[in-house]
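Novice: Provided herewith: upload_15.cif, mmCIF, C-alpha atoms and all ligand atoms.
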```cif
data_run
#
loop_
_atom_site.group_PDB
_atom_site.id
_atom_site.type_symbol
_atom_site.label_atom_id
_atom_site.label_comp_id
_atom_site.auth_asym_id
_atom_site.auth_seq_id
_atom_site.Cartn_x
_atom_site.Cartn_y
_atom_site.Cartn_z
ATOM 1 C CA MET A 1113 -7.808 69.968 -79.472
ATOM 2 C CA ARG A 1114 -10.902 68.880 -77.526
ATOM 3 C CA TYR A 1115 -10.126 68.767 -73.814
ATOM 4 C CA ASN A 1116 -11.463 66.133 -71.452
ATOM 5 C CA LEU A 1117 -13.159 68.587 -69.096
ATOM 6 C CA SER A 1118 -14.340 65.819 -66.774
ATOM 7 C CA ASP A 1119 -10.772 64.915 -65.978
ATOM 8 C CA LEU A 1120 -9.715 66.565 -62.736
ATOM 9 C CA LYS A 1121 -6.044 66.830 -63.751
ATOM 10 C CA THR A 1122 -6.941 68.540 -67.032
ATOM 11 C CA VAL A 1123 -9.345 70.919 -65.288
ATOM 12 C CA ARG A 1124 -6.738 71.837 -62.663
ATOM 13 C CA ALA A 1125 -4.076 72.397 -65.360
ATOM 14 C CA ILE A 1126 -6.314 74.710 -67.443
ATOM 15 C CA LEU A 1127 -7.453 76.690 -64.420
ATOM 16 C CA GLU A 1128 -3.898 77.020 -63.138
ATOM 17 C CA LYS A 1129 -2.671 78.168 -66.543
ATOM 18 C CA HIS A 1130 -5.249 80.981 -66.440
ATOM 19 C CA GLY A 1131 -4.596 81.799 -62.773
ATOM 20 C CA PHE A 1132 -8.227 80.999 -61.921
ATOM 21 C CA SER A 1133 -9.440 80.399 -58.376
ATOM 22 C CA PHE A 1134 -13.002 79.299 -57.543
ATOM 23 C CA SER A 1135 -15.470 81.880 -56.269
ATOM 24 C CA LYS A 1136 -17.834 80.494 -53.654
ATOM 25 C CA ALA A 1137 -19.969 83.628 -53.921
ATOM 26 C CA LEU A 1138 -20.662 82.874 -57.606
ATOM 27 C CA GLY A 1139 -21.641 79.267 -56.860
ATOM 28 C CA GLN A 1140 -18.678 77.856 -58.770
ATOM 29 C CA ASN A 1141 -18.770 74.070 -58.424
ATOM 30 C CA PHE A 1142 -17.703 72.530 -61.725
ATOM 31 C CA LEU A 1143 -18.933 69.118 -62.868
ATOM 32 C CA ILE A 1144 -16.315 66.405 -63.202
ATOM 33 C CA ASN A 1145 -18.536 63.306 -63.330
ATOM 34 C CA PRO A 1146 -18.205 62.194 -66.990
ATOM 35 C CA ASN A 1147 -21.732 60.730 -67.116
ATOM 36 C CA VAL A 1148 -23.702 63.787 -66.081
ATOM 37 C CA CYS A 1149 -23.188 66.328 -68.896
ATOM 38 C CA PRO A 1150 -23.869 63.884 -71.770
ATOM 39 C CA ALA A 1151 -27.059 62.790 -69.992
ATOM 40 C CA MET A 1152 -28.183 66.397 -69.474
ATOM 41 C CA ALA A 1153 -27.381 67.354 -73.083
ATOM 42 C CA LYS A 1154 -29.262 64.338 -74.401
ATOM 43 C CA GLU A 1155 -32.284 65.303 -72.328
ATOM 44 C CA ALA A 1156 -32.164 68.974 -73.394
ATOM 45 C CA VAL A 1157 -31.361 68.686 -77.104
ATOM 46 C CA GLU A 1158 -33.673 66.651 -79.290
ATOM 47 C CA SER A 1159 -32.193 67.466 -82.684
ATOM 48 C CA ASP A 1160 -29.311 69.272 -84.357
ATOM 49 C CA SER A 1161 -31.645 72.084 -85.341
ATOM 50 C CA ASP A 1162 -32.274 73.084 -81.693
ATOM 51 C CA GLY A 1163 -30.833 76.141 -79.970
ATOM 52 C CA VAL A 1164 -29.724 76.023 -76.325
ATOM 53 C CA LEU A 1165 -29.314 78.792 -73.800
ATOM 54 C CA GLU A 1166 -26.876 77.846 -71.045
ATOM 55 C CA VAL A 1167 -26.517 79.774 -67.793
ATOM 56 C CA GLY A 1168 -23.050 79.737 -66.219
ATOM 57 C CA PRO A 1169 -20.820 77.605 -68.481
ATOM 58 C CA GLY A 1170 -17.924 77.642 -66.010
ATOM 59 C CA ILE A 1171 -15.048 75.890 -67.776
ATOM 60 C CA GLY A 1172 -17.388 74.649 -70.532
ATOM 61 C CA VAL A 1173 -17.867 70.986 -69.633
ATOM 62 C CA LEU A 1174 -21.640 70.994 -70.268
ATOM 63 C CA THR A 1175 -21.315 73.593 -73.051
ATOM 64 C CA ALA A 1176 -19.131 71.228 -75.103
ATOM 65 C CA GLU A 1177 -21.719 68.431 -74.849
ATOM 66 C CA LEU A 1178 -24.483 70.838 -75.867
ATOM 67 C CA CYS A 1179 -22.421 72.124 -78.821
ATOM 68 C CA ALA A 1180 -21.921 68.571 -80.042
ATOM 69 C CA ARG A 1181 -25.689 68.032 -80.274
ATOM 70 C CA ALA A 1182 -27.303 71.432 -80.957
ATOM 71 C CA LYS A 1183 -27.371 73.878 -83.859
ATOM 72 C CA LYS A 1184 -26.357 76.783 -81.656
ATOM 73 C CA VAL A 1185 -25.415 77.312 -77.999
ATOM 74 C CA VAL A 1186 -25.387 80.672 -76.243
ATOM 75 C CA ALA A 1187 -23.747 80.552 -72.824
ATOM 76 C CA VAL A 1188 -24.177 83.446 -70.393
ATOM 77 C CA GLU A 1189 -21.296 83.709 -67.929
ATOM 78 C CA LEU A 1190 -20.983 86.416 -65.281
ATOM 79 C CA ASP A 1191 -17.359 85.817 -64.298
ATOM 80 C CA ARG A 1192 -15.081 87.642 -66.763
ATOM 81 C CA ARG A 1193 -12.112 85.570 -65.643
ATOM 82 C CA LEU A 1194 -13.686 82.536 -67.347
ATOM 83 C CA LEU A 1195 -13.850 84.148 -70.804
ATOM 84 C CA PRO A 1196 -10.239 83.335 -71.824
ATOM 85 C CA VAL A 1197 -10.668 79.847 -70.338
ATOM 86 C CA LEU A 1198 -13.796 79.250 -72.443
ATOM 87 C CA SER A 1199 -12.100 80.617 -75.592
ATOM 88 C CA GLU A 1200 -9.549 77.862 -75.142
ATOM 89 C CA THR A 1201 -11.770 74.971 -74.065
ATOM 90 C CA LEU A 1202 -14.468 75.627 -76.703
ATOM 91 C CA ALA A 1203 -12.085 76.537 -79.556
ATOM 92 C CA ASP A 1204 -13.164 73.467 -81.553
ATOM 93 C CA PHE A 1205 -16.794 74.569 -81.788
ATOM 94 C CA ASP A 1206 -18.069 77.170 -84.242
ATOM 95 C CA ASN A 1207 -21.675 77.020 -82.989
ATOM 96 C CA VAL A 1208 -21.125 78.585 -79.579
ATOM 97 C CA GLU A 1209 -21.304 82.163 -78.376
ATOM 98 C CA VAL A 1210 -20.317 83.192 -74.862
ATOM 99 C CA VAL A 1211 -22.095 86.273 -73.536
ATOM 100 C CA ASN A 1212 -20.535 88.000 -70.548
ATOM 101 C CA GLY A 1213 -23.320 89.142 -68.237
ATOM 102 C CA ASP A 1214 -25.646 88.515 -65.338
ATOM 103 C CA VAL A 1215 -28.497 86.293 -66.484
ATOM 104 C CA LEU A 1216 -30.824 88.034 -64.034
ATOM 105 C CA LYS A 1217 -30.183 91.415 -65.648
ATOM 106 C CA LEU A 1218 -30.128 90.449 -69.322
ATOM 107 C CA ASP A 1219 -33.023 91.141 -71.662
ATOM 108 C CA LEU A 1220 -33.609 87.508 -72.596
ATOM 109 C CA HIS A 1221 -36.382 88.219 -75.109
ATOM 110 C CA THR A 1222 -33.964 90.262 -77.206
ATOM 111 C CA LEU A 1223 -31.130 87.804 -76.695
ATOM 112 C CA LEU A 1224 -33.244 84.840 -77.827
ATOM 113 C CA ARG A 1225 -34.597 86.722 -80.843
ATOM 114 C CA GLU A 1226 -31.166 87.879 -81.955
ATOM 115 C CA LYS A 1227 -29.133 84.753 -81.290
ATOM 116 C CA PHE A 1228 -31.409 81.869 -82.204
ATOM 117 C CA ALA A 1229 -32.902 82.893 -85.550
ATOM 118 C CA GLY A 1230 -33.132 79.757 -87.676
ATOM 119 C CA CYS A 1231 -33.317 77.315 -84.757
ATOM 120 C CA ARG A 1232 -36.307 74.969 -84.684
ATOM 121 C CA LYS A 1233 -36.817 75.599 -80.963
ATOM 122 C CA VAL A 1234 -34.894 76.864 -77.959
ATOM 123 C CA THR A 1235 -34.340 75.120 -74.648
ATOM 124 C CA VAL A 1236 -32.427 76.048 -71.513
ATOM 125 C CA CYS A 1237 -29.835 73.737 -70.013
ATOM 126 C CA ALA A 1238 -27.569 74.559 -67.074
ATOM 127 C CA ASN A 1239 -25.881 73.552 -63.889
ATOM 128 C CA LEU A 1240 -27.308 76.552 -62.051
ATOM 129 C CA PRO A 1241 -25.349 78.569 -59.508
ATOM 130 C CA TYR A 1242 -27.103 77.601 -56.266
ATOM 131 C CA TYR A 1243 -27.414 81.108 -54.870
ATOM 132 C CA ILE A 1244 -29.811 82.188 -57.642
ATOM 133 C CA THR A 1245 -31.662 78.956 -58.484
ATOM 134 C CA SER A 1246 -35.198 80.213 -57.815
ATOM 135 C CA PRO A 1247 -34.758 83.730 -59.267
ATOM 136 C CA VAL A 1248 -33.331 82.290 -62.505
ATOM 137 C CA ILE A 1249 -36.087 79.691 -62.868
ATOM 138 C CA MET A 1250 -38.770 82.257 -62.057
ATOM 139 C CA LYS A 1251 -37.321 84.717 -64.571
ATOM 140 C CA LEU A 1252 -37.315 82.034 -67.279
ATOM 141 C CA LEU A 1253 -40.933 81.156 -66.506
ATOM 142 C CA GLU A 1254 -42.493 84.524 -65.715
ATOM 143 C CA GLU A 1255 -41.074 86.379 -68.693
ATOM 144 C CA LYS A 1256 -42.997 84.006 -70.971
ATOM 145 C CA LEU A 1257 -39.982 83.451 -73.178
ATOM 146 C CA PRO A 1258 -40.236 81.435 -76.386
ATOM 147 C CA ILE A 1259 -38.586 78.362 -74.842
ATOM 148 C CA GLU A 1260 -39.950 74.816 -74.704
ATOM 149 C CA SER A 1261 -38.137 73.196 -71.837
ATOM 150 C CA ILE A 1262 -35.654 73.781 -69.038
ATOM 151 C CA VAL A 1263 -33.240 71.033 -67.969
ATOM 152 C CA VAL A 1264 -31.240 72.199 -64.982
ATOM 153 C CA MET A 1265 -29.190 70.904 -62.101
ATOM 154 C CA VAL A 1266 -30.179 72.336 -58.721
ATOM 155 C CA GLN A 1267 -29.618 71.365 -55.094
ATOM 156 C CA LYS A 1268 -31.534 68.183 -54.240
ATOM 157 C CA GLU A 1269 -33.616 70.044 -51.662
ATOM 158 C CA ALA A 1270 -34.560 72.686 -54.225
ATOM 159 C CA ALA A 1271 -35.403 69.937 -56.732
ATOM 160 C CA ASP A 1272 -37.760 68.350 -54.191
ATOM 161 C CA ARG A 1273 -39.459 71.677 -53.605
ATOM 162 C CA LEU A 1274 -39.653 72.712 -57.268
ATOM 163 C CA CYS A 1275 -41.062 69.364 -58.416
ATOM 164 C CA ALA A 1276 -43.331 68.667 -55.430
ATOM 165 C CA GLU A 1277 -47.012 68.089 -55.929
ATOM 166 C CA VAL A 1278 -49.079 71.156 -55.108
ATOM 167 C CA GLY A 1279 -51.174 70.070 -52.130
ATOM 168 C CA SER A 1280 -48.340 68.091 -50.515
ATOM 169 C CA ARG A 1281 -46.093 68.895 -47.538
ATOM 170 C CA GLU A 1282 -43.050 69.703 -49.710
ATOM 171 C CA ALA A 1283 -44.944 72.352 -51.683
ATOM 172 C CA GLY A 1284 -44.230 76.064 -51.297
ATOM 173 C CA ALA A 1285 -45.061 79.245 -53.199
ATOM 174 C CA VAL A 1286 -42.309 78.440 -55.718
ATOM 175 C CA THR A 1287 -43.874 74.997 -56.369
ATOM 176 C CA VAL A 1288 -47.173 76.654 -57.234
ATOM 177 C CA ALA A 1289 -45.413 79.102 -59.553
ATOM 178 C CA VAL A 1290 -43.521 76.314 -61.328
ATOM 179 C CA GLN A 1291 -46.635 74.156 -61.782
ATOM 180 C CA TYR A 1292 -48.552 77.153 -63.056
ATOM 181 C CA TYR A 1293 -46.144 77.580 -65.959
ATOM 182 C CA ALA A 1294 -44.746 74.087 -66.480
ATOM 183 C CA ALA A 1295 -44.944 70.351 -65.905
ATOM 184 C CA ALA A 1296 -42.025 69.530 -63.612
ATOM 185 C CA ARG A 1297 -40.197 66.302 -62.840
ATOM 186 C CA GLN A 1298 -36.939 65.118 -61.344
ATOM 187 C CA LEU A 1299 -34.701 63.193 -63.716
ATOM 188 C CA PHE A 1300 -31.748 61.952 -61.657
ATOM 189 C CA LYS A 1301 -29.734 62.638 -58.534
ATOM 190 C CA VAL A 1302 -26.113 63.803 -58.680
ATOM 191 C CA GLY A 1303 -23.912 63.277 -55.638
ATOM 192 C CA ARG A 1304 -21.708 66.019 -54.176
ATOM 193 C CA GLY A 1305 -18.585 64.100 -55.233
ATOM 194 C CA SER A 1306 -19.399 64.853 -58.884
ATOM 195 C CA PHE A 1307 -18.096 68.419 -58.530
ATOM 196 C CA VAL A 1308 -14.903 70.300 -57.929
ATOM 197 C CA PRO A 1309 -14.835 71.759 -55.356
ATOM 198 C CA ALA A 1310 -17.387 69.392 -53.775
ATOM 199 C CA PRO A 1311 -20.372 71.255 -52.315
ATOM 200 C CA LYS A 1312 -21.844 70.283 -48.932
ATOM 201 C CA VAL A 1313 -25.072 68.982 -50.454
ATOM 202 C CA ASP A 1314 -26.243 66.659 -53.230
ATOM 203 C CA SER A 1315 -27.917 67.864 -56.407
ATOM 204 C CA ALA A 1316 -30.528 66.676 -58.872
ATOM 205 C CA VAL A 1317 -31.359 67.370 -62.498
ATOM 206 C CA ILE A 1318 -34.918 68.492 -63.105
ATOM 207 C CA ARG A 1319 -36.920 69.013 -66.256
ATOM 208 C CA LEU A 1320 -39.602 71.652 -66.729
ATOM 209 C CA ASP A 1321 -41.757 71.425 -69.856
ATOM 210 C CA LEU A 1322 -43.379 74.786 -70.346
ATOM 211 C CA ARG A 1323 -47.120 74.744 -70.841
ATOM 212 C CA GLN A 1324 -47.779 76.081 -74.324
ATOM 213 C CA ASP A 1325 -51.447 76.649 -73.419
ATOM 214 C CA ALA A 1326 -52.570 77.912 -70.014
ATOM 215 C CA VAL A 1327 -53.948 75.113 -67.839
ATOM 216 C CA PHE A 1328 -54.751 77.333 -64.864
ATOM 217 C CA ALA A 1329 -56.522 80.604 -65.483
ATOM 218 C CA PRO A 1330 -57.165 82.710 -62.369
ATOM 219 C CA ALA A 1331 -59.200 85.881 -62.986
ATOM 220 C CA ASP A 1332 -56.190 88.028 -62.066
ATOM 221 C CA GLU A 1333 -52.740 86.456 -62.351
ATOM 222 C CA ALA A 1334 -50.906 89.091 -60.291
ATOM 223 C CA PHE A 1335 -53.467 88.824 -57.473
ATOM 224 C CA PHE A 1336 -53.246 85.009 -57.587
ATOM 225 C CA PHE A 1337 -49.474 85.091 -57.060
ATOM 226 C CA ARG A 1338 -49.729 87.694 -54.288
ATOM 227 C CA MET A 1339 -52.260 85.498 -52.499
ATOM 228 C CA VAL A 1340 -50.118 82.373 -52.969
ATOM 229 C CA ARG A 1341 -47.021 84.108 -51.551
ATOM 230 C CA ALA A 1342 -49.059 85.338 -48.570
ATOM 231 C CA ALA A 1343 -50.626 81.916 -47.962
ATOM 232 C CA PHE A 1344 -47.236 80.169 -47.905
ATOM 233 C CA ALA A 1345 -45.275 82.963 -46.181
ATOM 234 C CA GLN A 1346 -45.401 81.413 -42.712
ATOM 235 C CA ARG A 1347 -45.581 77.695 -43.057
ATOM 236 C CA ARG A 1348 -46.936 77.043 -39.567
ATOM 237 C CA LYS A 1349 -49.799 79.479 -39.969
ATOM 238 C CA THR A 1350 -53.158 78.667 -41.475
ATOM 239 C CA ALA A 1351 -53.869 79.926 -44.983
ATOM 240 C CA LEU A 1352 -56.441 82.238 -43.391
ATOM 241 C CA ASN A 1353 -53.893 83.985 -41.157
ATOM 242 C CA GLY A 1354 -51.217 84.136 -43.861
ATOM 243 C CA ILE A 1355 -53.516 85.604 -46.508
ATOM 244 C CA SER A 1356 -55.137 88.027 -44.088
ATOM 245 C CA ALA A 1357 -51.728 89.328 -42.897
ATOM 246 C CA GLY A 1358 -50.043 89.304 -46.314
ATOM 247 C CA LEU A 1359 -52.860 91.002 -48.229
ATOM 248 C CA SER A 1360 -54.032 93.231 -45.352
ATOM 249 C CA LEU A 1361 -57.540 91.784 -45.566
ATOM 250 C CA PRO A 1362 -59.890 91.371 -42.555
ATOM 251 C CA LYS A 1363 -59.915 87.797 -41.259
ATOM 252 C CA GLU A 1364 -63.693 87.656 -41.722
ATOM 253 C CA THR A 1365 -63.292 88.396 -45.440
ATOM 254 C CA VAL A 1366 -60.771 85.587 -45.900
ATOM 255 C CA ALA A 1367 -62.839 83.212 -43.744
ATOM 256 C CA ALA A 1368 -65.925 83.942 -45.855
ATOM 257 C CA ALA A 1369 -63.949 83.293 -49.058
ATOM 258 C CA LEU A 1370 -62.661 79.986 -47.672
ATOM 259 C CA GLY A 1371 -66.249 79.032 -46.822
ATOM 260 C CA LYS A 1372 -67.459 79.957 -50.308
ATOM 261 C CA ALA A 1373 -64.692 77.810 -51.783
ATOM 262 C CA GLU A 1374 -65.821 74.944 -49.532
ATOM 263 C CA LEU A 1375 -62.508 74.864 -47.669
ATOM 264 C CA ALA A 1376 -61.988 74.358 -43.931
ATOM 265 C CA PRO A 1377 -61.274 77.625 -42.044
ATOM 266 C CA ASP A 1378 -58.072 76.187 -40.509
ATOM 267 C CA ILE A 1379 -56.656 74.671 -43.722
ATOM 268 C CA ARG A 1380 -52.924 75.181 -44.377
ATOM 269 C CA ALA A 1381 -51.640 76.400 -47.735
ATOM 270 C CA GLU A 1382 -49.714 73.175 -48.307
ATOM 271 C CA LYS A 1383 -53.012 71.236 -48.405
ATOM 272 C CA LEU A 1384 -54.494 73.338 -51.206
ATOM 273 C CA THR A 1385 -54.474 72.082 -54.788
ATOM 274 C CA MET A 1386 -53.907 74.341 -57.805
ATOM 275 C CA GLU A 1387 -57.634 74.342 -58.575
ATOM 276 C CA GLN A 1388 -58.504 75.274 -54.976
ATOM 277 C CA LEU A 1389 -55.894 78.056 -54.934
ATOM 278 C CA CYS A 1390 -57.277 79.449 -58.195
ATOM 279 C CA ARG A 1391 -60.857 79.334 -56.929
ATOM 280 C CA LEU A 1392 -59.943 80.988 -53.625
ATOM 281 C CA SER A 1393 -58.015 83.694 -55.454
ATOM 282 C CA ASP A 1394 -60.964 84.373 -57.784
ATOM 283 C CA ILE A 1395 -63.388 84.693 -54.854
ATOM 284 C CA LEU A 1396 -61.045 87.004 -52.925
ATOM 285 C CA PHE A 1397 -60.282 89.065 -56.001
ATOM 286 C CA GLU A 1398 -64.000 89.649 -56.605
ATOM 287 C CA THR A 1399 -64.550 90.467 -52.902
ATOM 288 C CA SER A 1400 -61.639 92.918 -52.771
ATOM 289 C CA LYS A 1401 -63.118 94.832 -55.728
ATOM 290 C CA GLU A 1402 -66.420 95.398 -53.872
HETATM 291 N N1 LIG B 1501 -21.618 74.725 -66.113
HETATM 292 C C1 LIG B 1501 -20.419 74.577 -65.294
HETATM 293 C C2 LIG B 1501 -20.308 73.157 -64.796
HETATM 294 O O1 LIG B 1501 -21.336 72.466 -64.787
HETATM 295 O O2 LIG B 1501 -19.235 72.744 -64.409
HETATM 296 C C3 LIG B 1501 -20.374 75.572 -64.133
HETATM 297 C C4 LIG B 1501 -21.545 75.528 -63.192
HETATM 298 S S1 LIG B 1501 -21.309 76.489 -61.740
HETATM 299 C C5 LIG B 1501 -22.425 75.620 -60.649
HETATM 300 C C6 LIG B 1501 -22.235 77.984 -62.011
HETATM 301 C C7 LIG B 1501 -21.659 78.956 -63.031
HETATM 302 O O3 LIG B 1501 -22.531 80.091 -63.106
HETATM 303 C C8 LIG B 1501 -20.287 79.534 -62.715
HETATM 304 O O4 LIG B 1501 -19.493 79.484 -63.867
HETATM 305 C C9 LIG B 1501 -20.558 80.983 -62.301
HETATM 306 O O5 LIG B 1501 -19.482 81.860 -62.561
HETATM 307 C C10 LIG B 1501 -21.771 81.300 -63.153
HETATM 308 N N2 LIG B 1501 -22.644 82.377 -62.629
HETATM 309 C C11 LIG B 1501 -22.848 82.729 -61.339
HETATM 310 N N3 LIG B 1501 -23.742 83.723 -61.249
HETATM 311 C C12 LIG B 1501 -24.150 84.003 -62.522
HETATM 312 C C13 LIG B 1501 -25.066 84.950 -63.086
HETATM 313 N N4 LIG B 1501 -25.763 85.776 -62.305
HETATM 314 N N5 LIG B 1501 -25.205 84.972 -64.424
HETATM 315 C C14 LIG B 1501 -24.510 84.115 -65.228
HETATM 316 N N6 LIG B 1501 -23.626 83.209 -64.757
HETATM 317 C C15 LIG B 1501 -23.445 83.145 -63.417
#
```
Could I get this structure in the form of structure tokens?
Ligand code: SAM
Specialist:
Amino acid sequence: MRYNLSDLKTVRAILEKHGFSFSKALGQNFLINPNVCPAMAKEAVESDSDGVLEVGPGIGVLTAELCARAKKVVAVELDRRLLPVLSETLADFDNVEVVNGDVLKLDLHTLLREKFAGCRKVTVCANLPYYITSPVIMKLLEEKLPIESIVVMVQKEAADRLCAEVGSREAGAVTVAVQYYAAARQLFKVGRGSFVPAPKVDSAVIRLDLRQDAVFAPADEAFFFRMVRAAFAQRRKTALNGISAGLSLPKETVAAALGKAELAPDIRAEKLTMEQLCRLSDILFETSKE
């Protein structure tokens, strides 16, 4: 029997049957708005030969929509108590595998290779637990996994930050990292009333299309990211002060690099474009080798 997992009464009955209580610490807010999961699944899965990695299936409301469209769905769930629940709610699907584990600790390269053989491509789709939004997204991007896109629900504020334009007030170090690896955009907003229990904030679904070819190519990637983190570390400081403090470089060295990059000495990190950040990083990297 396929359950209606957007129906609050059904959800309560299943959870009660399994003696389940929500864990705030694990970011457990389950979707009950019937329009959201089909829209996310449609966005994530292009064809029935696609594979989908889901993070945190919860009771399986999004998982079921993904299963109905994809060739194979692998859902990583940390909370063991949800395993018997998922066995029941996803019993109708033979193309789903639930993996019990912490997505931040799993070897995703191996998991993708082993579980998605025969799939045309693999995408990630999830209603992410809020407490690990950035670490999960950064892991998916930095590990250079063979995935094409990421369609995830995050807090609205995080969505604004992740999809901001580099060089705008909303941008932070995480914005630069996201834009480095992917083209990012917000798809739609989801109000707090769409979840049980309702969180205190609204959410939004974002889409990241991973760049298959590098668009930005700093001379040293690790140095570039260290400089970006330093530049954005204290938002009220100038890029000069942030970089000098964060990388333990003399202010004169950073000032000279800013000058060489034709940037004002008092410029803030949020004003810098990707190209300017790359150029500044290249100049500083060369200088620090001398
Ligand atoms: N997908 C479901 C939905 O939309 O209703 C549940 C989403 S809920 C916001 C987040 C889910 O992630 C929960 O099921 C929670 O137990 C799980 N979770 C939390 N931390 C996790 C981790 N480190 N690894 C994998 N799953 C995790």
Novice: Pick the closest to ligand LIG 1501 (chain B) from A:Arg1193, A:Lys1227, A:Arg1281, A:Arg1319: which is it, counting all atoms listed in the file?
Specialist: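 So, comparing all the options, the nearest one is A:Arg1193.
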Novice: What's the separation between CA of Gln1388 (chain A) and CA of Pro1247 (chain A), in Å to one decimal place?
Specialist: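 Taking CA of Gln1388 (chain A) and CA of Pro1247 (chain A), their separation equals 25.6 Å.
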Novice: Report as a list in words which protein, DNA and RNA residues come within 7 Å of ligand LIG 1501 (chain B), using only C-alpha atoms and all ligand atoms.
Specialist: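 Within the 7 Å cut-off, the matching residues are Leu1138, Gly1139, Gln1140, Asn1141, Phe1142, Leu1143, Val1167, Gly1168, Pro1169, Gly1170, Ile1171, Gly1172, Val1173, Leu1174, Val1188, Glu1189, Leu1190, Asp1191, Gly1213, Asp1214, Val1215, Leu1216, Ala1238, Asn1239, Leu1240, Pro1241 and Tyr1242 of chain A.
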Novice: What would the selection look like, as an mmCIF file with C-alpha atoms, in the frame of the given file, if the PyMOL selection byres (((chain A and resi 1146) around 12) and not hetatm) were run on the coordinates I just shared?
Specialist:
```cif
data_model
loop_
_atom_site.group_PDB
_atom_site.id
_atom_site.type_symbol
_atom_site.label_atom_id
_atom_site.label_comp_id
_atom_site.auth_asym_id
_atom_site.auth_seq_id
_atom_site.Cartn_x
_atom_site.Cartn_y
_atom_site.Cartn_z
ATOM 1 C CA ASN A 1116 -11.463 66.133 -71.452
ATOM 2 C CA LEU A 1117 -13.159 68.587 -69.096
ATOM 3 C CA SER A 1118 -14.340 65.819 -66.774
ATOM 4 C CA ASP A 1119 -10.772 64.915 -65.978
ATOM 5 C CA LEU A 1120 -9.715 66.565 -62.736
ATOM 6 C CA PHE A 1142 -17.703 72.530 -61.725
ATOM 7 C CA LEU A 1143 -18.933 69.118 -62.868
ATOM 8 C CA ILE A 1144 -16.315 66.405 -63.202
ATOM 9 C CA ASN A 1145 -18.536 63.306 -63.330
ATOM 10 C CA ASN A 1147 -21.732 60.730 -67.116
ATOM 11 C CA VAL A 1148 -23.702 63.787 -66.081
ATOM 12 C CA CYS A 1149 -23.188 66.328 -68.896
ATOM 13 C CA PRO A 1150 -23.869 63.884 -71.770
ATOM 14 C CA ALA A 1151 -27.059 62.790 -69.992
ATOM 15 C CA MET A 1152 -28.183 66.397 -69.474
ATOM 16 C CA VAL A 1173 -17.867 70.986 -69.633
ATOM 17 C CA LEU A 1174 -21.640 70.994 -70.268
ATOM 18 C CA GLU A 1177 -21.719 68.431 -74.849
ATOM 19 C CA VAL A 1302 -26.113 63.803 -58.680
ATOM 20 C CA GLY A 1305 -18.585 64.100 -55.233
ATOM 21 C CA SER A 1306 -19.399 64.853 -58.884
ATOM 22 C CA PHE A 1307 -18.096 68.419 -58.530
#
```
Novice: Between A:Ala1368, A:Ala1329, A:Leu1359, A:Leu1178, which has the minimum distance to Cys1390 (chain A) (counting only C-alpha atoms)?
Specialist: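 Of the candidates, the smallest distance to Cys1390 (chain A) is held by A:Ala1329.
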Novice: Please enumerate the residues selected by the PyMOL selection byres (((chain A and resi 1328) around 10) and not hetatm) when evaluated against the supplied file, formatted as JSON, numbers by chain.
Specialist: {"A": [1291, 1292, 1293, 1325, 1326, 1327, 1329, 1330, 1331, 1333, 1386, 1387, 1390]}
Novice: Can you work out the spacing between CA of Asp1272 (chain A) and CA of Ala1294 (chain A) in Å, to one decimal?
Specialist: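 Calculated distance between CA of Asp1272 (chain A) and CA of Ala1294 (chain A) is 15.3 Å.
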Novice: Step by step, work through what the PyMOL selection byres (((chain A and resi 1370-1380) around 8) and not hetatm) selects in the shown file, and finish by giving those residues as a ChimeraX atom specification.
Specialist: /A:1343,1347-1352,1366-1369,1381-1384,1388,1391-1392,1395
Novice: Nearest residue to Ser1199 (chain A) out of A:Lys1136, A:His1221, A:Arg1114, A:Arg1181, using only C-alpha atoms?
Specialist: A:Arg1114
Novice: Report, in Å with one decimal, the straight-line distance from CA of Asp1314 (chain A) to CA of Ile1126 (chain A).
Specialist: 25.8 Å
Novice: Which of these, A:Val1288, A:Met1339, A:Val1317, A:Leu1389, has the shortest distance to Gly1354 (chain A) once you count all atoms listed in the file?
Specialist: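 Closest to Gly1354 (chain A), using all atoms listed in the file: A:Met1339.
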Novice: I'd like the neighbourhood of region 1200-1210 of chain A as number ranges by chain, where a residue qualifies if any of its atoms comes within 8 Å (using only C-alpha atoms), though same-chain residues fewer than 2 positions away should be ignored.
Specialist: A: 1113-1115, 1171-1172, 1176, 1179, 1183-1189, 1195-1198, 1212
Novice: Point out the residue among A:Arg1341, A:Arg1273, A:Lys1251, A:Lys1217 with the least atom-to-atom distance to Ala1357 (chain A), counting only C-alpha atoms.
Specialist: A:Arg1341
Novice: Can you tell me, as a VMD selection string, which residues sit within 7 Å of (-45.2, 70.4, -65.3) in the file's frame, using only C-alpha atoms?
Specialist: chain A and resid 1291 1294 to 1297 1320 to 1322
Novice: With all atoms of region 1253-1265 of chain A from the file as input, state the centre and edge lengths in Å to one decimal of the axis-aligned box that has 4 Å extra on each side, as lines of an AutoDock Vina configuration file.
Specialist:
```
center_x = -36.1
center_y = 78.6
center_z = -69.2
size_x = 21.8
size_y = 23.5
size_z = 22.3
```
